[in-house]
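Student: Take a look at structure-v9.tsv, TSV, C-alpha atoms and all ligand atoms:
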chain	number	residue	atom	x	y	z
A	1	MET	CA	-14.67	42.94	-33.69
A	2	ASN	CA	-14.82	39.22	-34.48
A	3	ARG	CA	-14.14	38.73	-38.20
A	4	PHE	CA	-17.18	36.49	-38.72
A	5	MET	CA	-19.38	39.09	-37.07
A	6	GLU	CA	-17.84	41.83	-39.21
A	7	ALA	CA	-18.46	39.81	-42.38
A	8	ALA	CA	-22.01	38.91	-41.35
A	9	LEU	CA	-22.86	42.51	-40.46
A	10	ALA	CA	-21.67	43.61	-43.89
A	11	MET	CA	-24.14	41.09	-45.35
A	12	ALA	CA	-27.07	42.25	-43.19
A	13	PRO	CA	-29.06	43.92	-46.02
A	14	GLN	CA	-28.64	40.82	-48.21
A	15	LEU	CA	-29.73	38.46	-45.41
A	16	GLY	CA	-32.74	40.66	-44.69
A	17	ALA	CA	-33.71	40.60	-48.37
A	18	VAL	CA	-33.45	36.79	-48.51
A	19	ARG	CA	-35.57	36.49	-45.37
A	20	ARG	CA	-38.23	38.83	-46.71
A	21	ASP	CA	-38.37	37.00	-50.02
A	22	ILE	CA	-38.98	33.69	-48.21
A	23	HIS	CA	-41.38	35.42	-45.80
A	24	ARG	CA	-43.51	36.73	-48.66
A	25	HIS	CA	-43.68	33.25	-50.20
A	26	PRO	CA	-44.30	30.87	-47.28
A	27	GLU	CA	-44.41	27.15	-48.03
A	28	THR	CA	-45.70	24.56	-45.56
A	29	GLY	CA	-44.14	21.17	-44.74
A	30	MET	CA	-42.80	19.17	-47.71
A	31	THR	CA	-43.92	21.76	-50.26
A	32	GLU	CA	-40.87	24.02	-49.79
A	33	THR	CA	-39.82	23.83	-53.45
A	34	ARG	CA	-39.37	27.55	-54.03
A	35	THR	CA	-37.50	28.01	-50.75
A	36	ALA	CA	-35.32	24.96	-51.49
A	37	ARG	CA	-34.51	26.44	-54.93
A	38	ILE	CA	-33.41	29.75	-53.36
A	39	VAL	CA	-31.25	27.85	-50.87
A	40	ALA	CA	-29.69	25.51	-53.43
A	41	ASP	CA	-28.92	28.37	-55.87
A	42	TYR	CA	-27.36	30.45	-53.10
A	43	LEU	CA	-25.13	27.57	-51.95
A	44	LYS	CA	-24.09	26.75	-55.53
A	45	ASP	CA	-23.16	30.40	-56.10
A	46	LEU	CA	-20.86	30.09	-53.09
A	47	GLY	CA	-19.18	27.11	-54.77
A	48	LEU	CA	-20.50	24.46	-52.39
A	49	ALA	CA	-21.37	20.90	-53.40
A	50	VAL	CA	-25.16	20.77	-53.15
A	51	ARG	CA	-27.55	17.82	-52.79
A	52	GLU	CA	-31.21	18.59	-53.44
A	53	GLY	CA	-34.38	16.62	-52.76
A	54	VAL	CA	-32.90	15.10	-49.60
A	55	GLY	CA	-35.70	13.48	-47.60
A	56	GLY	CA	-38.29	15.34	-49.69
A	57	THR	CA	-37.55	19.01	-50.24
A	58	GLY	CA	-34.41	19.14	-48.08
A	59	VAL	CA	-31.12	20.63	-49.27
A	60	VAL	CA	-27.61	19.80	-48.06
A	61	GLY	CA	-24.58	21.93	-48.90
A	62	LEU	CA	-21.03	20.76	-48.24
A	63	LEU	CA	-18.10	23.10	-47.71
A	64	GLU	CA	-14.76	21.32	-47.68
A	65	GLY	CA	-11.94	22.78	-45.63
A	66	ARG	CA	-8.18	22.79	-46.14
A	67	ARG	CA	-7.87	19.17	-45.06
A	68	GLN	CA	-10.09	16.20	-44.58
A	69	GLY	CA	-10.92	16.12	-40.92
A	70	ARG	CA	-14.14	16.01	-38.99
A	71	THR	CA	-17.44	17.14	-40.40
A	72	VAL	CA	-19.76	19.41	-38.47
A	73	ALA	CA	-23.35	20.20	-39.46
A	74	ILE	CA	-25.50	23.26	-38.97
A	75	ARG	CA	-29.22	22.77	-39.50
A	76	ALA	CA	-32.10	25.13	-40.22
A	77	ASP	CA	-35.77	24.42	-40.85
A	78	MET	CA	-37.48	26.05	-43.86
A	79	ASP	CA	-41.22	25.49	-43.49
A	80	ALA	CA	-44.07	27.91	-42.75
A	81	LEU	CA	-47.32	27.35	-40.86
A	82	PRO	CA	-50.84	26.83	-42.21
A	83	MET	CA	-52.22	30.04	-40.71
A	84	ALA	CA	-53.06	33.63	-41.56
A	85	ASP	CA	-50.46	36.41	-41.47
A	86	ARG	CA	-52.13	39.42	-39.87
A	87	LYS	CA	-49.17	41.78	-40.07
A	88	THR	CA	-49.44	44.84	-42.25
A	89	THR	CA	-45.76	45.06	-43.22
A	90	ALA	CA	-44.81	45.22	-46.91
A	91	TYR	CA	-43.15	41.81	-46.61
A	92	ARG	CA	-46.18	40.07	-45.07
A	93	SER	CA	-47.25	36.72	-46.47
A	94	GLY	CA	-48.48	36.84	-50.04
A	95	VAL	CA	-50.12	33.41	-49.73
A	96	ASP	CA	-53.54	33.05	-48.10
A	97	GLY	CA	-53.53	30.75	-45.10
A	98	LYS	CA	-49.75	30.37	-44.92
A	99	ALA	CA	-47.33	32.33	-42.76
A	100	HIS	CA	-43.79	32.26	-41.43
A	101	ALA	CA	-44.96	32.71	-37.85
A	102	CYS	CA	-42.25	30.51	-36.32
A	103	GLY	CA	-39.25	32.35	-37.77
A	104	HIS	CA	-38.02	29.51	-39.99
A	105	ASP	CA	-37.52	32.08	-42.76
A	106	GLY	CA	-35.00	33.71	-40.41
A	107	HIS	CA	-33.33	30.38	-39.58
A	108	THR	CA	-32.87	29.75	-43.31
A	109	ALA	CA	-31.41	33.23	-43.93
A	110	MET	CA	-29.02	32.90	-40.96
A	111	LEU	CA	-27.72	29.57	-42.19
A	112	LEU	CA	-27.18	30.92	-45.71
A	113	GLY	CA	-25.27	33.79	-44.09
A	114	ALA	CA	-23.12	31.31	-42.18
A	115	ALA	CA	-22.38	29.44	-45.41
A	116	ALA	CA	-21.35	32.69	-47.11
A	117	VAL	CA	-19.11	33.73	-44.23
A	118	LEU	CA	-17.47	30.31	-43.83
A	119	SER	CA	-16.95	29.82	-47.57
A	120	ARG	CA	-14.54	32.79	-47.50
A	121	HIS	CA	-12.52	31.05	-44.77
A	122	ALA	CA	-12.55	27.49	-46.10
A	123	GLY	CA	-8.74	27.55	-46.06
A	124	GLU	CA	-8.76	27.74	-42.26
A	125	LEU	CA	-11.17	24.88	-41.64
A	126	ASP	CA	-9.76	21.63	-40.27
A	127	GLY	CA	-12.55	19.64	-41.85
A	128	SER	CA	-15.89	20.10	-43.58
A	129	VAL	CA	-19.12	21.91	-42.79
A	130	LYS	CA	-22.50	20.57	-43.85
A	131	PHE	CA	-25.39	22.98	-44.15
A	132	ILE	CA	-28.63	21.08	-43.62
A	133	PHE	CA	-31.83	22.82	-44.72
A	134	GLN	CA	-34.68	20.76	-43.43
A	135	PRO	CA	-38.30	20.71	-44.61
A	136	SER	CA	-41.42	20.24	-42.51
A	137	GLU	CA	-40.52	20.83	-38.89
A	138	GLU	CA	-44.06	21.94	-38.11
A	139	ARG	CA	-45.89	19.09	-39.80
A	140	LEU	CA	-45.68	15.60	-38.37
A	141	PRO	CA	-43.90	13.26	-38.92
A	142	GLY	CA	-41.34	16.01	-39.67
A	143	GLY	CA	-38.55	16.38	-42.21
A	144	ALA	CA	-35.60	15.44	-39.99
A	145	LYS	CA	-36.18	11.69	-40.07
A	146	PRO	CA	-36.50	11.40	-43.86
A	147	MET	CA	-33.36	13.53	-44.27
A	148	ILE	CA	-31.44	11.21	-41.95
A	149	ARG	CA	-32.78	8.16	-43.82
A	150	ASP	CA	-31.68	9.84	-47.05
A	151	GLY	CA	-28.11	10.12	-45.79
A	152	ALA	CA	-27.93	13.78	-44.69
A	153	LEU	CA	-25.55	12.81	-41.88
A	154	GLU	CA	-23.39	10.52	-44.04
A	155	ASP	CA	-20.72	10.90	-46.69
A	156	PRO	CA	-18.94	12.50	-44.97
A	157	ARG	CA	-20.21	11.37	-41.59
A	158	VAL	CA	-21.32	14.29	-39.38
A	159	GLU	CA	-19.86	14.29	-35.87
A	160	GLY	CA	-21.70	17.21	-34.29
A	161	ILE	CA	-24.71	19.35	-35.12
A	162	PHE	CA	-25.74	22.91	-34.27
A	163	SER	CA	-29.08	24.63	-34.80
A	164	CYS	CA	-30.98	27.56	-33.41
A	165	HIS	CA	-34.49	28.90	-33.06
A	166	VAL	CA	-35.70	32.47	-32.67
A	167	HIS	CA	-37.32	33.18	-29.28
A	168	PRO	CA	-39.40	36.30	-28.54
A	169	ASP	CA	-39.18	35.80	-24.74
A	170	VAL	CA	-35.40	36.29	-24.86
A	171	PRO	CA	-34.04	39.85	-25.32
A	172	GLN	CA	-33.04	40.60	-28.90
A	173	GLY	CA	-29.48	39.57	-29.68
A	174	SER	CA	-29.05	37.40	-26.57
A	175	VAL	CA	-28.54	33.67	-26.69
A	176	MET	CA	-30.28	31.16	-24.45
A	177	VAL	CA	-29.31	27.52	-24.11
A	178	ALA	CA	-30.25	24.65	-21.80
A	179	PRO	CA	-28.11	21.53	-21.26
A	180	GLY	CA	-29.78	18.11	-21.23
A	181	TYR	CA	-33.40	17.75	-22.27
A	182	CYS	CA	-34.45	21.17	-23.54
A	183	THR	CA	-37.75	20.47	-25.31
A	184	VAL	CA	-40.49	18.02	-24.48
A	185	SER	CA	-41.62	14.69	-25.83
A	186	SER	CA	-45.22	14.95	-26.81
A	187	ALA	CA	-48.11	12.75	-27.88
A	188	GLY	CA	-51.52	13.67	-29.17
A	189	PHE	CA	-54.55	11.62	-28.17
A	190	THR	CA	-57.95	11.08	-29.74
A	191	LEU	CA	-60.46	9.58	-27.34
A	192	GLU	CA	-64.02	8.47	-27.76
A	193	MET	CA	-66.19	7.79	-24.72
A	194	ILE	CA	-68.80	5.34	-25.95
A	195	GLY	CA	-72.14	5.06	-24.15
A	196	LYS	CA	-75.71	4.20	-25.09
A	197	GLY	CA	-77.97	6.97	-26.34
A	198	GLY	CA	-81.57	7.64	-25.37
A	199	HIS	CA	-84.07	10.08	-23.89
A	200	VAL	CA	-82.86	12.40	-21.15
A	201	ALA	CA	-86.09	11.56	-19.24
A	202	GLN	CA	-85.01	7.90	-18.99
A	203	PRO	CA	-81.37	8.06	-17.97
A	204	HIS	CA	-81.48	4.53	-16.50
A	205	GLN	CA	-81.94	3.16	-20.03
A	206	THR	CA	-78.81	4.93	-21.27
A	207	VAL	CA	-75.09	5.05	-20.62
A	208	ASP	CA	-74.33	8.75	-20.69
A	209	PRO	CA	-71.03	9.45	-22.51
A	210	ILE	CA	-71.20	13.14	-21.51
A	211	VAL	CA	-71.01	12.21	-17.83
A	212	MET	CA	-68.29	9.68	-18.68
A	213	ALA	CA	-66.31	12.34	-20.54
A	214	ALA	CA	-66.68	14.81	-17.66
A	215	ALA	CA	-65.54	12.17	-15.14
A	216	CYS	CA	-62.61	11.27	-17.37
A	217	ILE	CA	-61.49	14.90	-17.75
A	218	THR	CA	-61.61	15.35	-13.97
A	219	ALA	CA	-59.88	12.05	-13.21
A	220	ALA	CA	-57.12	12.84	-15.73
A	221	GLN	CA	-56.20	15.96	-13.74
A	222	TYR	CA	-55.02	13.70	-10.89
A	223	ILE	CA	-52.43	12.07	-13.14
A	224	ILE	CA	-50.46	15.33	-13.05
A	225	SER	CA	-51.44	16.64	-9.61
A	226	ARG	CA	-51.28	13.35	-7.62
A	227	ARG	CA	-49.27	10.81	-9.59
A	228	THR	CA	-46.46	12.90	-11.12
A	229	ASP	CA	-43.40	14.26	-9.33
A	230	PRO	CA	-44.04	18.02	-9.01
A	231	LEU	CA	-40.42	18.60	-10.05
A	232	ASP	CA	-40.95	16.71	-13.32
A	233	PRO	CA	-42.44	19.02	-15.95
A	234	ALA	CA	-45.54	17.38	-17.43
A	235	VAL	CA	-48.64	18.52	-19.28
A	236	LEU	CA	-51.91	16.69	-19.88
A	237	ALA	CA	-54.54	18.86	-21.49
A	238	PHE	CA	-57.76	18.46	-23.44
A	239	GLY	CA	-58.22	20.69	-26.46
A	240	VAL	CA	-61.43	19.31	-27.98
A	241	VAL	CA	-64.67	18.04	-26.43
A	242	GLN	CA	-67.49	17.32	-28.85
A	243	GLY	CA	-70.75	15.50	-28.27
A	244	GLY	CA	-74.52	15.70	-28.48
A	245	THR	CA	-77.02	17.35	-30.81
A	246	ALA	CA	-79.99	18.50	-28.69
A	247	ASN	CA	-80.85	19.27	-25.08
A	248	ASN	CA	-83.18	16.27	-24.67
A	249	ILE	CA	-81.03	13.55	-26.24
A	250	ILE	CA	-78.31	11.59	-24.49
A	251	PRO	CA	-75.79	10.92	-27.29
A	252	GLU	CA	-74.02	7.71	-28.14
A	253	ARG	CA	-70.50	9.11	-28.08
A	254	VAL	CA	-68.36	12.04	-27.00
A	255	ALA	CA	-65.13	12.79	-28.83
A	256	LEU	CA	-62.16	14.29	-26.98
A	257	LYS	CA	-58.73	15.32	-28.15
A	258	GLY	CA	-55.72	16.50	-26.26
A	259	THR	CA	-52.00	16.32	-25.68
A	260	ILE	CA	-49.54	14.75	-23.26
A	261	ARG	CA	-46.09	16.22	-22.82
A	262	ALA	CA	-43.12	15.33	-20.64
A	263	LEU	CA	-39.42	16.04	-20.57
A	264	SER	CA	-38.20	12.64	-21.71
A	265	PRO	CA	-39.77	10.04	-23.99
A	266	ALA	CA	-39.75	7.53	-21.10
A	267	ARG	CA	-41.72	9.88	-18.83
A	268	ARG	CA	-44.14	10.64	-21.62
A	269	ASP	CA	-44.74	6.92	-22.12
A	270	ARG	CA	-45.48	6.49	-18.39
A	271	LEU	CA	-48.04	9.32	-18.57
A	272	ILE	CA	-49.68	7.66	-21.55
A	273	ALA	CA	-49.97	4.37	-19.63
A	274	MET	CA	-51.57	6.17	-16.66
A	275	PHE	CA	-53.96	7.99	-18.97
A	276	ARG	CA	-55.06	4.75	-20.60
A	277	GLN	CA	-55.65	3.26	-17.14
A	278	THR	CA	-57.76	6.28	-16.12
A	279	VAL	CA	-59.84	6.24	-19.30
A	280	GLU	CA	-60.46	2.52	-19.07
A	281	GLY	CA	-61.38	2.66	-15.37
A	282	THR	CA	-63.79	5.54	-15.96
A	283	ALA	CA	-65.49	3.86	-18.91
A	284	ARG	CA	-65.92	0.58	-17.03
A	285	MET	CA	-67.20	2.35	-13.90
A	286	HIS	CA	-70.00	3.87	-15.99
A	287	GLY	CA	-70.79	0.68	-17.88
A	288	GLY	CA	-69.56	2.18	-21.13
A	289	ASP	CA	-66.68	1.69	-23.51
A	290	PHE	CA	-63.91	3.78	-25.04
A	291	ARG	CA	-61.55	4.05	-28.00
A	292	LEU	CA	-58.17	5.68	-27.47
A	293	GLU	CA	-55.64	6.49	-30.16
A	294	ILE	CA	-52.21	7.88	-29.34
A	295	ASP	CA	-50.12	9.73	-31.93
A	296	MET	CA	-46.49	9.88	-30.91
A	297	GLU	CA	-45.01	13.25	-31.77
A	298	TYR	CA	-41.36	14.32	-31.58
A	299	PRO	CA	-39.03	13.02	-28.87
A	300	SER	CA	-37.29	15.56	-26.61
A	301	VAL	CA	-34.22	17.38	-27.85
A	302	PHE	CA	-31.22	16.37	-25.77
A	303	ASN	CA	-28.50	19.03	-25.69
A	304	GLU	CA	-25.12	17.43	-25.23
A	305	PRO	CA	-23.40	19.29	-22.33
A	306	ALA	CA	-20.04	19.48	-24.16
A	307	MET	CA	-21.77	21.03	-27.19
A	308	VAL	CA	-23.60	23.49	-24.92
A	309	ASP	CA	-20.23	24.56	-23.47
A	310	LEU	CA	-18.79	25.03	-26.96
A	311	LEU	CA	-21.77	27.14	-28.04
A	312	ALA	CA	-21.75	29.19	-24.81
A	313	ARG	CA	-18.02	29.92	-25.16
A	314	ALA	CA	-18.40	31.00	-28.78
A	315	ALA	CA	-21.44	33.15	-27.96
A	316	GLY	CA	-19.65	34.74	-24.99
A	317	ASP	CA	-16.65	35.64	-27.15
A	318	LEU	CA	-18.84	36.95	-29.95
A	319	LEU	CA	-21.54	38.83	-28.02
A	320	GLY	CA	-20.20	39.30	-24.51
A	321	ARG	CA	-20.91	36.99	-21.59
A	322	SER	CA	-23.84	39.06	-20.32
A	323	ARG	CA	-25.74	38.12	-23.47
A	324	VAL	CA	-25.48	34.39	-22.93
A	325	ILE	CA	-28.25	32.92	-20.78
A	326	ARG	CA	-27.87	29.39	-19.49
A	327	THR	CA	-31.13	27.95	-18.28
A	328	GLU	CA	-32.34	24.69	-16.82
A	329	LYS	CA	-35.87	25.49	-17.89
A	330	PRO	CA	-37.02	23.43	-20.87
A	331	PHE	CA	-39.13	24.77	-23.70
A	332	MET	CA	-42.48	22.92	-23.56
A	333	GLY	CA	-42.78	22.80	-27.36
A	334	GLY	CA	-41.58	19.95	-29.55
A	335	GLU	CA	-38.78	19.99	-32.18
A	336	ASP	CA	-37.74	17.31	-34.61
A	337	VAL	CA	-34.09	18.35	-34.50
A	338	SER	CA	-34.23	15.74	-31.70
A	339	TYR	CA	-33.86	13.01	-34.34
A	340	PHE	CA	-30.52	14.51	-35.43
A	341	HIS	CA	-29.43	14.69	-31.78
A	342	GLN	CA	-30.19	10.97	-31.38
A	343	GLU	CA	-27.59	10.29	-34.06
A	344	VAL	CA	-24.83	12.78	-33.23
A	345	PRO	CA	-24.00	15.14	-30.34
A	346	GLY	CA	-25.92	18.34	-30.83
A	347	VAL	CA	-26.93	21.66	-29.37
A	348	PHE	CA	-30.17	23.47	-30.17
A	349	TRP	CA	-30.06	27.03	-28.89
A	350	PHE	CA	-32.32	30.05	-28.90
A	351	ILE	CA	-31.54	33.45	-30.33
A	352	GLY	CA	-33.50	36.23	-28.66
A	353	THR	CA	-35.83	38.33	-30.81
A	354	GLY	CA	-37.82	40.04	-28.04
A	355	ASN	CA	-37.81	43.80	-28.53
A	356	PRO	CA	-40.72	45.63	-26.82
A	357	ASP	CA	-39.47	49.03	-28.08
A	358	LYS	CA	-40.08	47.90	-31.65
A	359	GLY	CA	-43.19	45.88	-30.81
A	360	PHE	CA	-41.55	42.47	-31.35
A	361	THR	CA	-43.25	40.76	-28.42
A	362	HIS	CA	-45.76	38.42	-30.06
A	363	PRO	CA	-45.24	34.73	-29.31
A	364	LEU	CA	-44.22	32.12	-31.86
A	365	HIS	CA	-47.21	30.92	-33.93
A	366	SER	CA	-49.02	34.23	-33.36
A	367	PRO	CA	-50.46	35.75	-36.57
A	368	TRP	CA	-48.53	38.93	-35.59
A	369	PHE	CA	-45.18	37.24	-34.89
A	370	ASP	CA	-42.25	39.15	-36.37
A	371	PHE	CA	-38.66	40.02	-35.48
A	372	ASP	CA	-35.96	42.57	-36.19
A	373	GLU	CA	-33.66	41.35	-38.98
A	374	ALA	CA	-30.71	42.70	-36.98
A	375	VAL	CA	-30.57	39.22	-35.41
A	376	LEU	CA	-29.80	37.54	-38.76
A	377	PRO	CA	-26.09	38.49	-38.92
A	378	ILE	CA	-25.70	37.58	-35.25
A	379	GLY	CA	-27.07	34.09	-35.88
A	380	ALA	CA	-24.97	33.71	-39.04
A	381	ALA	CA	-21.75	34.74	-37.28
A	382	LEU	CA	-22.38	32.50	-34.28
A	383	HIS	CA	-23.15	29.50	-36.52
A	384	ALA	CA	-19.87	30.14	-38.35
A	385	GLN	CA	-17.87	30.51	-35.13
A	386	CYS	CA	-19.35	27.30	-33.67
A	387	ALA	CA	-18.44	25.34	-36.80
A	388	LEU	CA	-14.86	26.64	-36.76
A	389	ASP	CA	-14.49	25.96	-33.01
A	390	PHE	CA	-15.91	22.45	-33.35
A	391	LEU	CA	-13.50	21.57	-36.15
A	392	SER	CA	-10.48	22.90	-34.29
A	393	ALA	CA	-11.41	21.50	-30.84
A	394	THR	CA	-8.87	19.03	-29.46
A	395	GLU	CA	-11.52	16.80	-27.95
A	396	MET	CA	-14.59	15.49	-29.67
A	397	PRO	CA	-17.91	15.71	-27.85
A	398	ALA	CA	-19.47	12.25	-27.69
A	399	LEU	CA	-23.03	11.10	-27.10
A	400	SER	CA	-23.09	10.93	-23.30
A	401	ARG	CA	-26.32	9.08	-22.69
A	402	PRO	CA	-28.23	6.03	-23.76
A	403	VAL	CA	-30.36	6.89	-26.77
A	404	ASP	CA	-33.83	7.55	-25.39
A	405	ARG	CA	-35.94	6.65	-28.37
A	406	PRO	CA	-39.69	7.06	-28.40
A	407	GLN	CA	-42.03	4.18	-29.11
A	408	GLU	CA	-42.98	4.12	-32.76
A	501	ZN	ZN	-43.26	26.39	-34.72
A	502	ZN	ZN	-40.21	26.61	-35.14
Written as C-alpha cells, how would this file's structure read?
Ligand SMILES: [Zn+2]
Ligand SMILES: [Zn+2]
Tutor:
Amino acid sequence: MNRFMEAALAMAPQLGAVRRDIHRHPETGMTETRTARIVADYLKDLGLAVREGVGGTGVVGLLEGRRQGRTVAIRADMDALPMADRKTTAYRSGVDGKAHACGHDGHTAMLLGAAAVLSRHAGELDGSVKFIFQPSEERLPGGAKPMIRDGALEDPRVEGIFSCHVHPDVPQGSVMVAPGYCTVSSAGFTLEMIGKGGHVAQPHQTVDPIVMAAACITAAQYIISRRTDPLDPAVLAFGVVQGGTANNIIPERVALKGTIRALSPARRDRLIAMFRQTVEGTARMHGGDFRLEIDMEYPSVFNEPAMVDLLARAAGDLLGRSRVIRTEKPFMGGEDVSYFHQEVPGVFWFIGTGNPDKGFTHPLHSPWFDFDEAVLPIGAALHAQCALDFLSATEMPALSRPVDRPQE
C-alpha cells in the first residue's frame, strides 16, 4: 500500500473526530474563527509556520522541505451554510440555522490530514507546501480574493494549486476531474418591470407590469433556446416573481430575480447583454420601463490540463485506475477557487461520497447532506501525493490560456 495512504488510514479516527467537531460547530462565511483556531493550532502542533487572519479568517500553513525549490499549495474551504441541519446524527449541527451541508468540514479535515502526513516526510520534499484554509466560499464575494490580496500565494510564491470538493453523485472513494472549464461563471440579476398602476376595469389607463413581466419571462427563454449554441452549456432562470396586492388592482411594479450561468466568463457576459436587450425591448414594447441590476458572481474554474494529468496519475496509482473518472461535463455550480486558478495553474477535483447502501445520496446543500468519513483519509493521502509529485516533477505546468477575467 502507498505509504501516504497507510499513514492517512492510521489517522482516520482522528480526522473523523476533527470533522465532527467542526460539523457540530458550523460557522458561515467570514465568521470561521473557531474553525480557524482549530486549524491553526493543529498546524502549529505539526511544527508548521502558520499565518492567521489571512484575508479575514483564513489560515495559511507552510511546510518547508529539504531544499528550497518550488512551492505548491493545497486549498480547502472552511465555511458552512446559513441553513437548517435536519439530520439526526449525534454530530449534527449544534447551531440553529447553520449547517455544513456542502462538506467543507470534510475538506478542512482532509487538508489537515495531508499536512500531518506530509510533515512526517518533509525531508523528501524538493520544495515547500502551503496549506491554504479559505473562509467564505459560499458567501459572495468569497474568501479566495481577499486571501490572494493578503499574499496567500506569495512569500514563497506558489506555482501550482490543488483542491477538492466532495460530490455525492460520484461513487464513494472515486475521483472525478474535468480538464478546462469545470464550473460555470454565474451572475445574479434583480429586475423591476415598471408600469403604471390603476383599476383592472380600465386597462387602457395603465401600463400593466404583470403582463410585461410575463412577456419578459417568455422572451428570455428564447435567449437559450434560439440564440445560444446548443452545445454551449447555459442557464437562464427566474427564481423570484413578486407583484400586486389585490385581484382588482394593476400594480406599479413587478420584481423578478434570477440567475445566468455559462461555462466561461465571456459567454456569461454575452448572455447578460442579450438579456438586457430582451428586457429593454419588452419594456419599450409595452410602453413601460425597467431597472436591471446584475451581480457578477464567481468566474469559472479553469483546470489546467497538465495539472489534471498529474492529479489523475496520482489518483490512479493510489486508488486504482478504475476509480478515476475523467469527464468533460462541467459542474453547473460556482466556486471561488477560480480566483486562485487565475493566478497559478490549478486543478479542482471531486472526491466521490455517494453511497446508497449507507444512505449517503442527498445532494450538496440538502439539509440531509452527509458522507462517510472513510473518504477523509483518501482525500488526505491524495492531496499529499499530488504535492510530492508536483514538487518532484521535471516540468512545471504553466498557465496555458489567456486569463479570462470576469467584468467587475
Ligand atoms: Zn456549496
Ligand atoms: Zn462547497
Student: Which neighbours of Phe340 (chain A) fall inside 9 Å, counting only C-alpha atoms, when residues of the same chain fewer than 2 positions from it are skipped, and could you give them as a ChimeraX atom specification?
Tutor: /A:144-145,148,153,161,301,336-338,342-346
Student: With all atoms listed in the file as the basis for distance, which of A:Arg20, A:Lys196, A:His167, A:Arg120 is at the shortest distance from ligand ZN 501 (chain A)?
Tutor: A:His167
Student: What does the distance between CA of Glu32 (chain A) and CA of Tyr298 (chain A) come to in Å, to one decimal place?
Tutor: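 Rounded to one decimal, the two atoms are 20.6 Å apart.
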Student: Pick out the residues no farther than 9 Å from ligand ZN 501 (chain A), counting all atoms listed in the file, and list them as a list in words.
Tutor: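 Residues satisfying the distance criterion: Ala80, Leu81, His100, Ala101, Cys102, Gly103, His104, Glu137, Glu138, Gly333, Gly334, Glu335, Leu364 and His365 of chain A.
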Student: Go through A:Ala266, A:Cys164, A:Val18, A:Val117 and flag the residue nearest ligand ZN 502 (chain A), using only C-alpha atoms and all ligand atoms for the distances.
Tutor: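 Smallest distance to ligand ZN 502 (chain A) is found for A:Cys164.
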Student: Pick from A:Arg149, A:Pro265, A:Met176, A:Glu280: nearest to Val54 (chain A), with all atoms listed in the file counted?
Tutor: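 Using all atoms listed in the file, the shortest distance to Val54 (chain A) belongs to A:Arg149.
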Student: Excluding Ser400 (chain A) and residues on its chain fewer than 5 positions from it, collect all residues at most 10 Å away from it, counting only C-alpha atoms, and give them as a ChimeraX atom specification.
Tutor: /A:304-306,345
Student: For Gly359 (chain A), which of A:Gly94, A:Gly239, A:Gly69, A:Pro168 is the closest residue, counting only C-alpha atoms?
Tutor: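 For Gly359 (chain A), the nearest of the given residues is A:Pro168.
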Student: Would you please work out which residue, of A:Pro13, A:Gly142, A:Gly65, A:Gly180, is nearest to ligand ZN 502 (chain A) when using all atoms listed in the file?
Tutor: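 Checking each of A:Pro13, A:Gly142, A:Gly65, A:Gly180 against ligand ZN 502 (chain A), counting all atoms listed in the file, the winner is A:Gly142.
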